[in-house]
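Text of work25.txt, listed as compact mmCIF, C-alpha atoms:
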```
# COMPACT_ATOMS: atom_id res chain seq x y z
CA MET A 18 0.00 0.00 0.00
CA THR A 19 1.28 3.42 -0.83
CA GLN A 20 1.94 6.06 1.79
CA LEU A 21 -0.89 8.18 0.37
CA VAL A 22 -3.41 5.32 0.76
CA ASN A 23 -2.31 4.89 4.39
CA GLN A 24 -2.50 8.60 5.08
CA LEU A 25 -5.99 8.88 3.59
CA ASN A 26 -7.19 5.80 5.50
CA GLN A 27 -5.88 7.41 8.68
CA LEU A 28 -8.05 10.42 7.92
CA LEU A 29 -11.02 8.21 7.03
CA ASP A 30 -10.81 6.67 10.50
CA VAL A 31 -11.53 10.03 12.16
CA LEU A 32 -14.58 10.63 9.96
CA ASN A 33 -17.14 8.89 12.16
CA HIS A 34 -19.71 8.14 9.52
CA CYS A 35 -17.19 6.73 7.03
CA LYS A 36 -15.81 4.48 9.72
CA THR A 37 -19.31 3.41 10.78
CA ILE A 38 -20.23 2.26 7.27
CA GLY A 39 -16.83 0.62 6.71
CA MET A 40 -15.45 2.65 3.82
CA ARG A 41 -11.77 2.15 2.84
CA VAL A 42 -9.35 3.85 0.47
CA ILE A 43 -7.95 1.16 -1.84
CA GLU A 44 -6.07 3.20 -4.47
CA ALA A 45 -4.69 6.72 -4.45
CA GLU A 46 -2.36 8.83 -6.52
CA GLN A 47 -2.10 12.57 -6.89
CA GLY A 48 -5.63 13.84 -7.66
CA LYS A 49 -7.18 10.37 -8.13
CA VAL A 50 -8.71 8.20 -5.44
CA THR A 51 -10.71 4.95 -5.34
CA LEU A 52 -12.72 3.99 -2.27
CA GLU A 53 -14.51 0.77 -1.43
CA LEU A 54 -17.85 0.56 0.37
CA PRO A 55 -18.44 -3.07 1.47
CA TYR A 56 -22.00 -4.40 1.27
CA ASN A 57 -23.77 -3.84 4.57
CA ALA A 58 -27.37 -4.77 5.43
CA SER A 59 -27.76 -1.59 7.49
CA LEU A 60 -27.35 0.49 4.31
CA VAL A 61 -30.16 -1.17 2.36
CA GLY A 62 -32.57 1.22 0.67
CA ASN A 63 -34.88 -1.36 -0.86
CA PRO A 64 -35.55 -4.42 1.33
CA GLU A 65 -37.33 -6.16 -1.59
CA THR A 66 -34.09 -6.34 -3.56
CA GLY A 67 -31.39 -5.80 -0.92
CA VAL A 68 -29.94 -2.91 -2.94
CA ILE A 69 -28.14 -0.23 -0.91
CA HIS A 70 -29.67 3.24 -0.52
CA SER A 71 -28.63 5.96 -2.94
CA GLY A 72 -27.77 8.08 0.11
CA ALA A 73 -24.94 5.68 0.95
CA ALA A 74 -23.80 5.98 -2.67
CA THR A 75 -23.81 9.78 -2.33
CA THR A 76 -21.71 9.51 0.84
CA LEU A 77 -19.23 7.29 -1.00
CA PHE A 78 -18.98 9.73 -3.90
CA ASP A 79 -18.72 12.83 -1.67
CA THR A 80 -15.89 11.20 0.29
CA ALA A 81 -14.05 9.96 -2.83
CA ALA A 82 -14.31 13.39 -4.48
CA GLY A 83 -13.18 15.21 -1.32
CA PHE A 84 -10.24 12.85 -0.93
CA SER A 85 -9.22 13.33 -4.56
CA VAL A 86 -8.93 17.06 -3.80
CA MET A 87 -6.85 16.42 -0.70
CA SER A 88 -4.55 14.10 -2.62
CA SER A 89 -3.98 16.76 -5.28
CA LEU A 90 -2.69 19.27 -2.72
CA PRO A 91 0.90 19.45 -1.49
CA GLU A 92 -0.28 18.71 2.03
CA VAL A 93 -3.68 17.17 2.81
CA GLU A 94 -6.22 19.89 3.67
CA ILE A 95 -9.83 19.62 4.78
CA CYS A 96 -12.04 20.99 1.98
CA PRO A 97 -15.79 21.42 2.44
CA THR A 98 -18.14 20.38 -0.39
CA LEU A 99 -19.73 23.31 -2.21
CA ASP A 100 -22.08 21.28 -4.38
CA LEU A 101 -22.50 17.78 -5.72
CA ARG A 102 -24.57 16.00 -8.35
CA LEU A 103 -24.97 12.29 -8.84
CA ASP A 104 -26.73 10.69 -11.83
CA HIS A 105 -27.85 7.13 -11.24
CA MET A 106 -27.45 4.94 -14.35
CA LYS A 107 -28.82 1.79 -12.72
CA PRO A 108 -29.29 0.31 -9.26
CA ALA A 109 -26.32 -1.30 -7.53
CA GLU A 110 -26.26 -5.09 -7.36
CA PRO A 111 -26.90 -6.34 -3.83
CA PHE A 112 -24.36 -8.27 -1.70
CA LYS A 113 -21.39 -6.78 -3.55
CA PRO A 114 -19.14 -3.85 -2.65
CA VAL A 115 -19.49 -0.53 -4.46
CA TYR A 116 -16.38 1.34 -5.58
CA GLY A 117 -16.16 5.12 -5.84
CA PHE A 118 -13.55 6.68 -8.11
CA ALA A 119 -13.05 10.45 -8.27
CA GLU A 120 -10.48 12.76 -9.81
CA THR A 121 -9.73 16.43 -9.35
CA TYR A 122 -9.60 17.71 -12.92
CA LYS A 123 -9.00 21.37 -12.07
CA LEU A 124 -7.47 22.76 -8.93
CA ALA A 125 -7.99 26.54 -8.89
CA ASN A 126 -6.88 28.89 -6.13
CA ASN A 127 -10.16 28.84 -4.24
CA VAL A 128 -12.16 26.02 -5.76
CA ALA A 129 -11.43 22.42 -6.77
CA PHE A 130 -13.46 20.72 -9.52
CA THR A 131 -13.96 16.95 -9.37
CA ARG A 132 -15.74 14.24 -11.34
CA GLY A 133 -16.08 10.53 -10.92
CA ILE A 134 -18.06 7.33 -11.09
CA LEU A 135 -19.45 4.60 -8.88
CA PHE A 136 -19.05 1.06 -10.18
CA GLN A 137 -19.13 -2.59 -9.12
CA ASN A 138 -17.93 -5.24 -11.57
CA ASP A 139 -16.67 -3.05 -14.37
CA ARG A 140 -15.26 0.48 -14.38
CA ASN A 141 -16.59 0.91 -17.91
CA ASP A 142 -20.16 0.19 -16.85
CA PRO A 143 -20.72 2.63 -13.95
CA ILE A 144 -23.80 2.59 -11.75
CA ALA A 145 -23.52 6.37 -11.30
CA HIS A 146 -21.69 9.43 -12.65
CA GLY A 147 -20.99 12.42 -10.43
CA VAL A 148 -19.48 15.87 -10.25
CA ALA A 149 -18.66 17.94 -7.16
CA THR A 150 -16.91 21.20 -6.35
CA PHE A 151 -15.02 21.95 -3.16
CA MET A 152 -13.86 25.12 -1.43
CA ARG A 153 -10.23 25.41 -0.50
CA LEU A 154 -9.93 26.90 2.95
CA GLN A 155 -7.51 29.75 3.48
CA ALA A 156 -4.13 29.00 4.95
CA GLY A 157 -3.94 29.57 8.67
CA SER A 158 -7.14 27.79 9.57
CA LEU A 159 -6.97 24.28 10.97
CA THR A 160 -6.81 22.54 7.64
CA LYS A 161 -3.75 20.34 7.58
CA LEU A 162 -4.09 16.63 8.19
CA SER A 163 -1.31 16.65 10.79
CA ASP A 164 -3.14 19.39 12.77
CA VAL A 165 -6.42 17.51 12.51
CA MET A 166 -4.90 14.25 13.74
CA GLU A 167 -3.25 16.05 16.65
CA LYS A 168 -6.46 17.80 17.66
CA VAL A 169 -8.43 14.53 17.48
CA ASP A 170 -5.80 12.73 19.58
CA ASN A 171 -5.95 15.47 22.20
CA SER A 172 -9.75 15.48 22.36
CA ASN A 173 -9.73 11.72 22.94
CA ASP A 174 -7.46 12.05 26.00
CA MET B 30 -36.24 -10.65 0.49
CA THR B 31 -38.94 -8.82 2.40
CA LYS B 32 -41.97 -7.85 0.36
CA LEU B 33 -42.91 -4.25 1.07
CA ASP B 34 -46.51 -3.35 1.72
CA ILE B 35 -46.14 0.38 1.21
CA LYS B 36 -49.82 1.17 0.72
CA ASN B 37 -50.95 -0.43 3.97
CA THR B 38 -47.97 0.84 5.94
CA VAL B 39 -48.67 4.41 4.81
CA LYS B 40 -52.34 4.04 5.73
CA LYS B 41 -51.49 2.59 9.11
CA VAL B 42 -48.92 5.25 10.05
CA GLN B 43 -51.24 8.02 8.92
CA ASP B 44 -54.11 6.63 11.00
CA GLN B 45 -51.88 6.34 14.06
CA ASN B 46 -49.95 9.55 13.35
CA ASP B 47 -46.81 7.60 14.25
CA TYR B 48 -44.46 7.28 11.32
CA SER B 49 -41.82 5.01 12.85
CA ASP B 50 -43.11 1.91 11.01
CA LEU B 51 -42.69 3.73 7.69
CA VAL B 52 -39.13 4.77 8.57
CA ASN B 53 -38.27 1.29 9.83
CA LEU B 54 -39.20 -0.27 6.47
CA ILE B 55 -35.89 1.03 5.09
CA PRO B 56 -32.72 -0.02 6.96
CA TYR B 57 -30.69 2.99 5.77
CA ALA B 58 -33.26 5.44 7.18
CA LYS B 59 -33.03 3.66 10.52
CA THR B 60 -29.21 3.66 10.39
CA ILE B 61 -28.96 7.45 10.11
CA GLY B 62 -32.02 7.95 12.37
CA ILE B 63 -34.69 9.74 10.30
CA GLU B 64 -37.93 10.77 12.07
CA VAL B 65 -41.19 12.02 10.53
CA GLN B 66 -43.64 14.48 12.05
CA ARG B 67 -46.86 15.53 10.40
CA PHE B 68 -48.79 18.75 11.03
CA GLY B 69 -51.91 18.66 8.89
CA ASP B 70 -50.67 18.61 5.31
CA ASP B 71 -47.18 19.75 6.34
CA VAL B 72 -44.55 17.13 6.95
CA LEU B 73 -41.34 17.80 8.80
CA PHE B 74 -38.46 15.33 8.62
CA ARG B 75 -36.00 15.35 11.49
CA LEU B 76 -32.54 13.88 11.83
CA PRO B 77 -31.60 13.94 15.52
CA ARG B 78 -27.92 14.58 16.27
CA ARG B 79 -25.99 11.35 16.25
CA LYS B 80 -22.28 10.78 16.64
CA SER B 81 -22.08 8.16 13.91
CA ASN B 82 -23.38 10.71 11.36
CA LEU B 83 -20.42 13.07 11.76
CA GLY B 84 -17.80 13.72 9.09
CA ASN B 85 -15.37 16.51 9.96
CA PRO B 86 -14.38 15.79 13.58
CA ILE B 87 -12.95 19.25 14.26
CA LEU B 88 -16.02 21.46 13.81
CA PRO B 89 -17.67 18.90 14.35
CA ALA B 90 -19.94 18.64 11.32
CA ILE B 91 -22.40 16.09 9.92
CA HIS B 92 -21.01 14.25 6.87
CA GLY B 93 -22.26 15.90 3.68
CA GLY B 94 -23.25 12.45 2.42
CA VAL B 95 -25.51 11.91 5.42
CA ILE B 96 -27.19 15.28 4.84
CA SER B 97 -27.64 14.24 1.19
CA GLY B 98 -29.00 10.81 2.13
CA PHE B 99 -31.39 12.36 4.65
CA MET B 100 -32.68 14.83 2.04
CA GLU B 101 -33.01 12.14 -0.67
CA HIS B 102 -34.92 9.84 1.61
CA SER B 103 -37.19 12.66 2.85
CA ALA B 104 -38.07 13.39 -0.79
CA LEU B 105 -38.87 9.73 -1.38
CA LEU B 106 -41.04 9.54 1.75
CA SER B 107 -42.91 12.69 0.66
CA LEU B 108 -43.79 11.00 -2.63
CA ILE B 109 -44.88 7.81 -0.88
CA MET B 110 -47.00 9.69 1.66
CA PHE B 111 -48.87 12.00 -0.67
CA MET B 112 -48.80 10.53 -4.13
CA ASP B 113 -50.45 7.21 -3.45
CA THR B 114 -47.42 5.53 -5.02
CA PRO B 115 -47.71 1.79 -4.43
CA VAL B 116 -44.01 1.12 -5.22
CA LEU B 117 -40.75 2.69 -4.11
CA PRO B 118 -39.83 5.57 -6.43
CA LYS B 119 -36.41 5.12 -8.08
CA ILE B 120 -33.84 7.91 -7.87
CA VAL B 121 -32.67 9.24 -11.25
CA ASP B 122 -30.50 12.14 -10.19
CA PHE B 123 -29.75 14.19 -7.12
CA SER B 124 -28.11 17.59 -6.89
CA ILE B 125 -27.24 19.44 -3.69
CA ASP B 126 -25.81 22.85 -2.77
CA PHE B 127 -24.20 23.09 0.65
CA LEU B 128 -24.86 26.57 2.05
CA ARG B 129 -23.68 26.30 5.65
CA ALA B 130 -21.87 23.74 7.77
CA GLY B 131 -24.20 21.10 9.24
CA HIS B 132 -23.24 21.26 12.90
CA ASP B 133 -23.64 18.45 15.41
CA LYS B 134 -27.28 19.35 16.05
CA ASP B 135 -30.74 18.18 15.02
CA THR B 136 -31.39 18.80 11.31
CA PHE B 137 -34.79 19.41 9.71
CA VAL B 138 -35.99 18.91 6.17
CA GLU B 139 -39.02 20.03 4.22
CA CYS B 140 -39.88 18.86 0.71
CA GLU B 141 -41.95 20.31 -2.07
CA VAL B 142 -43.07 18.10 -4.91
CA ALA B 143 -42.52 20.61 -7.71
CA ARG B 144 -43.99 18.37 -10.36
CA GLN B 145 -45.34 14.89 -10.54
CA GLY B 146 -46.00 13.44 -13.95
CA ARG B 147 -47.03 9.89 -14.78
CA ARG B 148 -43.46 8.61 -14.95
CA VAL B 149 -41.26 11.14 -13.22
CA ALA B 150 -41.40 13.45 -10.21
CA ASN B 151 -39.26 16.47 -9.33
CA VAL B 152 -38.83 17.29 -5.64
CA ALA B 153 -37.25 20.43 -4.13
CA ILE B 154 -35.70 19.85 -0.72
CA THR B 155 -34.53 22.29 1.96
CA ALA B 156 -32.54 21.45 5.10
CA TRP B 157 -31.91 23.69 8.11
CA GLN B 158 -30.86 23.51 11.74
CA VAL B 159 -31.47 26.80 13.58
CA LYS B 160 -33.85 28.74 11.35
CA ARG B 161 -35.90 27.76 8.34
CA ALA B 162 -34.73 31.01 6.72
CA GLU B 163 -31.09 29.96 7.08
CA PRO B 164 -30.84 26.65 5.21
CA ILE B 165 -27.71 24.52 5.52
CA ALA B 166 -28.46 22.90 2.14
CA THR B 167 -30.90 22.98 -0.76
CA ALA B 168 -31.31 20.06 -3.14
CA ARG B 169 -33.44 18.71 -5.94
CA ALA B 170 -34.08 15.20 -7.09
CA HIS B 171 -35.82 13.36 -9.91
CA PHE B 172 -37.52 10.03 -9.26
CA LEU B 173 -39.00 7.47 -11.63
CA LEU B 174 -42.44 6.35 -10.50
CA GLY B 175 -43.96 2.93 -10.99
```

Show the structure stored in the file as structure tokens.
Amino acid sequence: MTQLVNQLNQLLDVLNHCKTIGMRVIEAEQGKVTLELPYNASLVGNPETGVIHSGAATTLFDTAAGFSVMSSLPEVEICPTLDLRLDHMKPAEPFKPVYGFAETYKLANNVAFTRGILFQNDRNDPIAHGVATFMRLQAGSLTKLSDVMEKVDNSND
Amino acid sequence: MTKLDIKNTVKKVQDQNDYSDLVNLIPYAKTIGIEVQRFGDDVLFRLPRRKSNLGNPILPAIHGGVISGFMEHSALLSLIMFMDTPVLPKIVDFSIDFLRAGHDKDTFVECEVARQGRRVANVAITAWQVKRAEPIATARAHFLLG
């Protein structure tokens, strides 16, 4: 596993909801991240089919897109989502993990633009397409991963 | 898999004015903790503060995906409750603008079915925490019906 994957998984562990639903970073390079969301009965949106809820898919995409921004920066920063859109091509298949891939295709001074897909068996046959934009926080605020980890460690003492 | 009896569940919860059975039909809604309150024809959806819904641990703030999921599911429940839809509507697309941080507090959602055709419905969704006039997010969704 690359250092970036480890670093992003470390961050994922302090995001309560991501940890609760069992999300993991499985691939990461500068500006491109793939996350895995394992199948989980507590995320089901349609009990007739066992398919997971689109809200869980949105959470996966939001996290993947946000992490792609962080991975495109010289040091990982926390960037809030400005807006997000997800188009659902087809329902997910039940009992299988869903993968979220996102890339930052333009990193401007204040805003980062991302796009990506959710898929299961085949990257070329996505279950959803998405776009999201993120704000870059100004330097000086508590934005760096190292600061965040330190603050979280202290608050757990 | 469980067969859903949406029509009867909706009738039952409306008669009792207790919507927990409707929420409990869908595991995801139970996982994030959605509640439904009805005042005449107005419906208010509530997401009580819950540690497992947090994203950013520093603020702390609710994960944007949870706010999205809450708003999406509120829109779906609005359709089920008012449109006499016997099946679960299917999400086509969802778009959200985050206006303010969602703090570690109760969140409220109101939905407006902007248009319902025979095959597709458009729902406008607003979420707030402190004041209705200061939304934390606005969203819209399309659903396929039937």

Residue hits in chain A, query chain B, radius 9 Å, all atoms listed in the file, as a ChimeraX atom specification: /A:29,31-37,58-67,69-80,95,97-108,159,165,168-169

Separation of atom CA of B:Pro118 from atom CA of B:Val142, in Å and rounded to one decimal: 13.0 Å

Among the residues B:Gly69, B:Pro77, B:Gly62, B:Pro115, the one that comes closest to B:Phe137 [using only C-alpha atoms]: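 Under the stated criterion, the closest residue is B:Pro77.
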
Separation of atom CA of B:Val116 from atom CA of A:Pro55 in Å: 26.8 Å

For a quick check of understanding, using all atoms listed in the file, which of A:Leu135, A:Val115, A:Ala45, A:Leu124 has the smallest distance to A:Asn57?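 For A:Asn57, the nearest of the candidates is A:Val115.
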
Correct to one decimal, the distance atom CA of B:Ala156-atom CA of B:Ala143 is 16.3 Å

If we count all atoms listed in the file, what is near A:Gln137 at a cut-off of 8 Å, once residues fewer than 3 positions away on the same chain are taken out, given as a list in words? Ala109, Glu110, Lys113, Pro114, Val115, Tyr116, Arg140, Pro143 and Ile144 of chain A

Using all atoms listed in the file, which residue out of A:Ser89, A:Arg41, A:Phe136, A:Thr121 lies closest to A:Gln27?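 Closest to A:Gln27, using all atoms listed in the file: A:Arg41.
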
Kindly indicate which residue among B:Glu64, B:Asp44, B:Glu163, B:Asp50 lies nearest to B:Ser103, using all atoms listed in the file for the distances.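 Of B:Glu64, B:Asp44, B:Glu163, B:Asp50, the one nearest B:Ser103, counting all atoms listed in the file, is B:Glu64.
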
Report as a list in words all protein, DNA and RNA residues lying within 10 Å of A:Val128, evaluated on all atoms listed in the file, omitting residues in the same chain fewer than 6 positions from it.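 Contacts, in chain order: Val86, Cys96, Thr98, Leu99, Thr150, Phe151, Met152, Arg153 and Leu154 of chain A.
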
With N, CA and C atoms as the goal, would you fill in the gaps in stretch 87-111 of chain B and present it as a PDB file, keeping the file's coordinate frame?
```
ATOM      1  N   ILE B  87     -13.457  18.052  13.599  1.00  0.00           N
ATOM      2  CA  ILE B  87     -12.950  19.250  14.260  1.00  0.00           C
ATOM      3  C   ILE B  87     -14.074  20.239  14.563  1.00  0.00           C
ATOM      4  N   LEU B  88     -14.960  20.438  13.584  1.00  0.00           N
ATOM      5  CA  LEU B  88     -16.020  21.460  13.810  1.00  0.00           C
ATOM      6  C   LEU B  88     -16.892  21.173  15.037  1.00  0.00           C
ATOM      7  N   PRO B  89     -17.465  20.024  15.267  1.00  0.00           N
ATOM      8  CA  PRO B  89     -17.670  18.900  14.350  1.00  0.00           C
ATOM      9  C   PRO B  89     -18.865  19.153  13.439  1.00  0.00           C
ATOM     10  N   ALA B  90     -18.875  18.449  12.292  1.00  0.00           N
ATOM     11  CA  ALA B  90     -19.940  18.640  11.320  1.00  0.00           C
ATOM     12  C   ALA B  90     -20.488  17.298  10.836  1.00  0.00           C
ATOM     13  N   ILE B  91     -21.774  17.288  10.483  1.00  0.00           N
ATOM     14  CA  ILE B  91     -22.400  16.090   9.920  1.00  0.00           C
ATOM     15  C   ILE B  91     -21.789  15.843   8.531  1.00  0.00           C
ATOM     16  N   HIS B  92     -21.555  14.583   8.198  1.00  0.00           N
ATOM     17  CA  HIS B  92     -21.010  14.250   6.870  1.00  0.00           C
ATOM     18  C   HIS B  92     -21.973  14.739   5.793  1.00  0.00           C
ATOM     19  N   GLY B  93     -21.421  15.388   4.766  1.00  0.00           N
ATOM     20  CA  GLY B  93     -22.260  15.900   3.680  1.00  0.00           C
ATOM     21  C   GLY B  93     -23.077  14.794   3.022  1.00  0.00           C
ATOM     22  N   GLY B  94     -22.530  13.581   2.999  1.00  0.00           N
ATOM     23  CA  GLY B  94     -23.250  12.450   2.420  1.00  0.00           C
ATOM     24  C   GLY B  94     -24.459  12.060   3.238  1.00  0.00           C
ATOM     25  N   VAL B  95     -24.373  12.223   4.557  1.00  0.00           N
ATOM     26  CA  VAL B  95     -25.510  11.910   5.420  1.00  0.00           C
ATOM     27  C   VAL B  95     -26.615  12.950   5.220  1.00  0.00           C
ATOM     28  N   ILE B  96     -26.208  14.229   5.105  1.00  0.00           N
ATOM     29  CA  ILE B  96     -27.190  15.280   4.840  1.00  0.00           C
ATOM     30  C   ILE B  96     -27.878  14.989   3.507  1.00  0.00           C
ATOM     31  N   SER B  97     -27.086  14.592   2.503  1.00  0.00           N
ATOM     32  CA  SER B  97     -27.640  14.240   1.190  1.00  0.00           C
ATOM     33  C   SER B  97     -28.608  13.066   1.301  1.00  0.00           C
ATOM     34  N   GLY B  98     -28.168  12.008   1.982  1.00  0.00           N
ATOM     35  CA  GLY B  98     -29.000  10.810   2.130  1.00  0.00           C
ATOM     36  C   GLY B  98     -30.288  11.113   2.856  1.00  0.00           C
ATOM     37  N   PHE B  99     -30.207  11.935   3.889  1.00  0.00           N
ATOM     38  CA  PHE B  99     -31.390  12.360   4.650  1.00  0.00           C
ATOM     39  C   PHE B  99     -32.351  13.107   3.727  1.00  0.00           C
ATOM     40  N   MET B 100     -31.823  14.031   2.922  1.00  0.00           N
ATOM     41  CA  MET B 100     -32.680  14.830   2.040  1.00  0.00           C
ATOM     42  C   MET B 100     -33.297  13.958   0.941  1.00  0.00           C
ATOM     43  N   GLU B 101     -32.496  13.057   0.364  1.00  0.00           N
ATOM     44  CA  GLU B 101     -33.010  12.140  -0.670  1.00  0.00           C
ATOM     45  C   GLU B 101     -34.144  11.292  -0.133  1.00  0.00           C
ATOM     46  N   HIS B 102     -33.916  10.741   1.066  1.00  0.00           N
ATOM     47  CA  HIS B 102     -34.920   9.840   1.610  1.00  0.00           C
ATOM     48  C   HIS B 102     -36.185  10.587   2.030  1.00  0.00           C
ATOM     49  N   SER B 103     -36.027  11.834   2.506  1.00  0.00           N
ATOM     50  CA  SER B 103     -37.190  12.660   2.850  1.00  0.00           C
ATOM     51  C   SER B 103     -38.031  12.906   1.606  1.00  0.00           C
ATOM     52  N   ALA B 104     -37.360  13.157   0.473  1.00  0.00           N
ATOM     53  CA  ALA B 104     -38.070  13.390  -0.790  1.00  0.00           C
ATOM     54  C   ALA B 104     -38.860  12.148  -1.186  1.00  0.00           C
ATOM     55  N   LEU B 105     -38.220  10.994  -1.036  1.00  0.00           N
ATOM     56  CA  LEU B 105     -38.870   9.730  -1.380  1.00  0.00           C
ATOM     57  C   LEU B 105     -40.091   9.472  -0.479  1.00  0.00           C
ATOM     58  N   LEU B 106     -39.919   9.741   0.824  1.00  0.00           N
ATOM     59  CA  LEU B 106     -41.040   9.540   1.750  1.00  0.00           C
ATOM     60  C   LEU B 106     -42.185  10.499   1.427  1.00  0.00           C
ATOM     61  N   SER B 107     -41.861  11.740   1.030  1.00  0.00           N
ATOM     62  CA  SER B 107     -42.910  12.690   0.660  1.00  0.00           C
ATOM     63  C   SER B 107     -43.745  12.147  -0.487  1.00  0.00           C
ATOM     64  N   LEU B 108     -43.067  11.566  -1.480  1.00  0.00           N
ATOM     65  CA  LEU B 108     -43.790  11.000  -2.630  1.00  0.00           C
ATOM     66  C   LEU B 108     -44.675   9.848  -2.177  1.00  0.00           C
ATOM     67  N   ILE B 109     -44.110   8.970  -1.351  1.00  0.00           N
ATOM     68  CA  ILE B 109     -44.880   7.810  -0.880  1.00  0.00           C
ATOM     69  C   ILE B 109     -46.100   8.251  -0.076  1.00  0.00           C
ATOM     70  N   MET B 110     -45.922   9.291   0.761  1.00  0.00           N
ATOM     71  CA  MET B 110     -47.000   9.690   1.660  1.00  0.00           C
ATOM     72  C   MET B 110     -48.153  10.391   0.961  1.00  0.00           C
ATOM     73  N   PHE B 111     -47.818  11.165  -0.088  1.00  0.00           N
ATOM     74  CA  PHE B 111     -48.870  12.000  -0.670  1.00  0.00           C
ATOM     75  C   PHE B 111     -49.325  11.564  -2.048  1.00  0.00           C
TER      76      PHE B 111
END
```
